[in-house]
Amino acid sequence: MRPVDTNADQTPLVVELSATEFRDRLHEALSIYVAAMGYPHGTEYHRAPMWNEHLQRSGWRGVGALVPAGDGSTDNGAARLVAVAYGYRGAPEQWWHQQVRSGLRHTGWTRDQIDVILGNYFELTELHVHPDAQGHRLGETLLLRLLERRPERGVLLSTPEVADEDNRAWRLYRRLGFRDVLRHFRFAGDNRPFAVLGRGLPL
């Protein structure tokens with residue numbers, strides 16, 4: 001466990017979560033996701049089956065930030081989850097992989113270039129910090145922990161496009177050296193433009 005200095009009465013501790021622990025805290029994790037993204041209440045019920053399915057993917061890893069109980073305990077049920085991140089090894093049969101491959105092909109990448117970038121990567125699938133806990137680089141701490149000792153050659157992620165890249169997520173990714181892979185890309189079924197960013201591992 002690693003303390004994170006938030007200048008708060010209760011300092012969050014970043015911990016690795018097993019798939020079982022993550023599943024036990026799925027409702028908490030999804031509540032953080034909805035609050036951080038500003039989605040309407042009820043969105044979490046639509047996302048739960050997908051997050052549950054992700055837990056079974058090869059190379060899955062999850063981390064969370066817990067605010068200890070009054071006695072300092074971080075036992076399951078005794079501490080409050082305030083941030084969460086997870087990902088897994090990318091693979092050709094996955095929807096996100098197929099979407100990105102198609103996008104790269106249509107923007108002029110060669111087959112060899114695509115095979116290199118999508119040949120061995122960790123997909124950073126979700127990274128969310130509750131609004132009440134933002135502003136203390138907690139997301140950076142989670143991301144660094146999540147990517148520690150990963151065997152993949154690189155890491156890829158997608159994030160919504162934002163004017164002038166002016167939000168905490170973009171600043172975090174740029175600070176850690178993520179570069180453009182695809183810009184203004186629209187995934188099937190979503191009209192919002194996304195950026196796909198990536199960088200080599202280890203950090």
# chains A, B, ... in the order shown; residues from 1 in each chain; ligands from 1
$ closest_atom_pairs --of "segment 146-191 of chain A" --to "segment 41-63 of chain A" --cutoff "12 Å" --atoms "only C-alpha atoms" --output "JSON lines"
{"residue": "A:Leu146", "atom": "CA", "partner": "A:Val63", "partner_atom": "CA", "distance": 6.2}
{"residue": "A:Leu147", "atom": "CA", "partner": "A:Arg61", "partner_atom": "CA", "distance": 9.0}
{"residue": "A:Glu148", "atom": "CA", "partner": "A:Arg61", "partner_atom": "CA", "distance": 10.5}
{"residue": "A:Arg149", "atom": "CA", "partner": "A:Arg61", "partner_atom": "CA", "distance": 11.4}
{"residue": "A:Arg150", "atom": "CA", "partner": "A:Gly59", "partner_atom": "CA", "distance": 9.0}
{"residue": "A:Pro151", "atom": "CA", "partner": "A:Gly59", "partner_atom": "CA", "distance": 9.4}
{"residue": "A:Glu152", "atom": "CA", "partner": "A:Gly59", "partner_atom": "CA", "distance": 9.6}
$ write_last_selection --atoms "N, CA, C and O atoms" --output "CSV table (one decimal), in the first residue's frame"
chain,number,residue,atom,x,y,z
A,146,LEU,N,-0.7,0.6,-11.7
A,146,LEU,CA,-1.3,-0.3,-12.6
A,146,LEU,C,-0.3,-0.8,-13.6
A,146,LEU,O,-0.4,-2.0,-14.0
A,147,LEU,N,0.6,0.0,-14.1
A,147,LEU,CA,1.5,-0.3,-15.1
A,147,LEU,C,2.9,-0.9,-14.7
A,147,LEU,O,3.7,-1.2,-15.5
A,148,GLU,N,3.0,-1.0,-13.4
A,148,GLU,CA,4.3,-1.5,-12.8
A,148,GLU,C,4.5,-3.0,-13.3
A,148,GLU,O,3.6,-3.8,-13.3
A,149,ARG,N,5.7,-3.3,-13.8
A,149,ARG,CA,6.1,-4.6,-14.2
A,149,ARG,C,5.2,-5.3,-15.2
A,149,ARG,O,5.1,-6.5,-15.2
A,150,ARG,N,4.5,-4.5,-16.0
A,150,ARG,CA,3.7,-5.2,-17.1
A,150,ARG,C,4.6,-5.8,-18.1
A,150,ARG,O,5.7,-5.1,-18.5
A,151,PRO,N,4.3,-6.9,-18.6
A,151,PRO,CA,5.2,-7.6,-19.6
A,151,PRO,C,5.0,-7.1,-21.0
A,151,PRO,O,5.8,-7.4,-21.9
A,152,GLU,N,3.9,-6.3,-21.3
A,152,GLU,CA,3.7,-5.9,-22.7
A,152,GLU,C,4.7,-4.8,-23.1
A,152,GLU,O,5.3,-4.1,-22.3
$ select_by_dssp --residues "segment 36-119 of chain A" --states "alpha helix (DSSP H)" --output "PyMOL selection string"
chain A and resi 36-37+43-54+95-106+111-117
$ residues_around --residues "segment 92-94 of chain A" --least-positions-apart "3" --cutoff "9 Å" --atoms "only C-alpha atoms" --output "list in words"
His97, Gln98, Gln99, Arg101, Leu118 and Gly119 of chain A
$ closest_residue --among "A:His184, A:Arg153, A:Arg89, A:Arg25" --to "Gly64 of chain A" --atoms "only C-alpha atoms"
A:Arg25
$ residues_around --residues "segment 122-124 of chain A" --least-positions-apart "3" --cutoff "6 Å" --atoms "only C-alpha atoms" --output "MDAnalysis selection string"
chainID A and resid 87:90 155:157
$ select_by_dssp --residues "chain A" --states "strand (DSSP E)" --output "PyMOL selection string"
chain A and resi 2-3+13-17+61-67+80-89+121-129+154-160+179-185+194-200
$ closest_residue --among "A:Val67, A:Tyr173, A:Leu17, A:Gly154" --to "Arg137 of chain A" --atoms "only C-alpha atoms"
A:Tyr173
$ atom_distance --atom1 "atom CA of Asn167 of chain A" --atom2 "atom CA of Leu142 of chain A"
17.4 Å
$ closest_residue --among "A:Pro202, A:Leu172, A:Val100, A:Val116" --to "Arg186 of chain A" --atoms "only C-alpha atoms"
A:Val100
$ residues_around --residues "Val14 of chain A" --least-positions-apart "2" --cutoff "12 Å" --atoms "only C-alpha atoms" --output "PyMOL selection string"
chain A and resi 1-5+11-12+16-17+62-68+74+79-85+129+137-146
$ residues_around --residues "Arg183 of chain A" --least-positions-apart "5" --cutoff "7 Å" --atoms "only C-alpha atoms" --output "list in words"
Phe194, Ala195 and Val196 of chain A
$ write_last_selection --atoms "C-alpha atoms" --output "CSV table (one decimal), in the first residue's frame"
chain,number,residue,atom,x,y,z
A,194,PHE,CA,-12.0,10.1,-29.2
A,195,ALA,CA,-8.3,10.2,-29.1
A,196,VAL,CA,-6.3,6.9,-28.9
$ closest_residue --among "A:Asp190, A:Glu165, A:Glu28, A:Asp115" --to "His128 of chain A" --atoms "only C-alpha atoms"
A:Glu28
$ atom_distance --atom1 "atom CA of Glu126 of chain A" --atom2 "atom CA of Tyr86 of chain A"
5.5 Å
$ atom_distance --atom1 "atom CA of Ser18 of chain A" --atom2 "atom CA of Gly177 of chain A"
27.7 Å
$ residues_around --residues "Phe178 of chain A" --least-positions-apart "6" --cutoff "7 Å" --atoms "only C-alpha atoms" --output "ChimeraX atom specification"
/A:197-199
$ closest_residue --among "A:Ala163, A:Leu127, A:Leu182, A:Phe187" --to "Met37 of chain A" --atoms "only C-alpha atoms"
A:Leu127
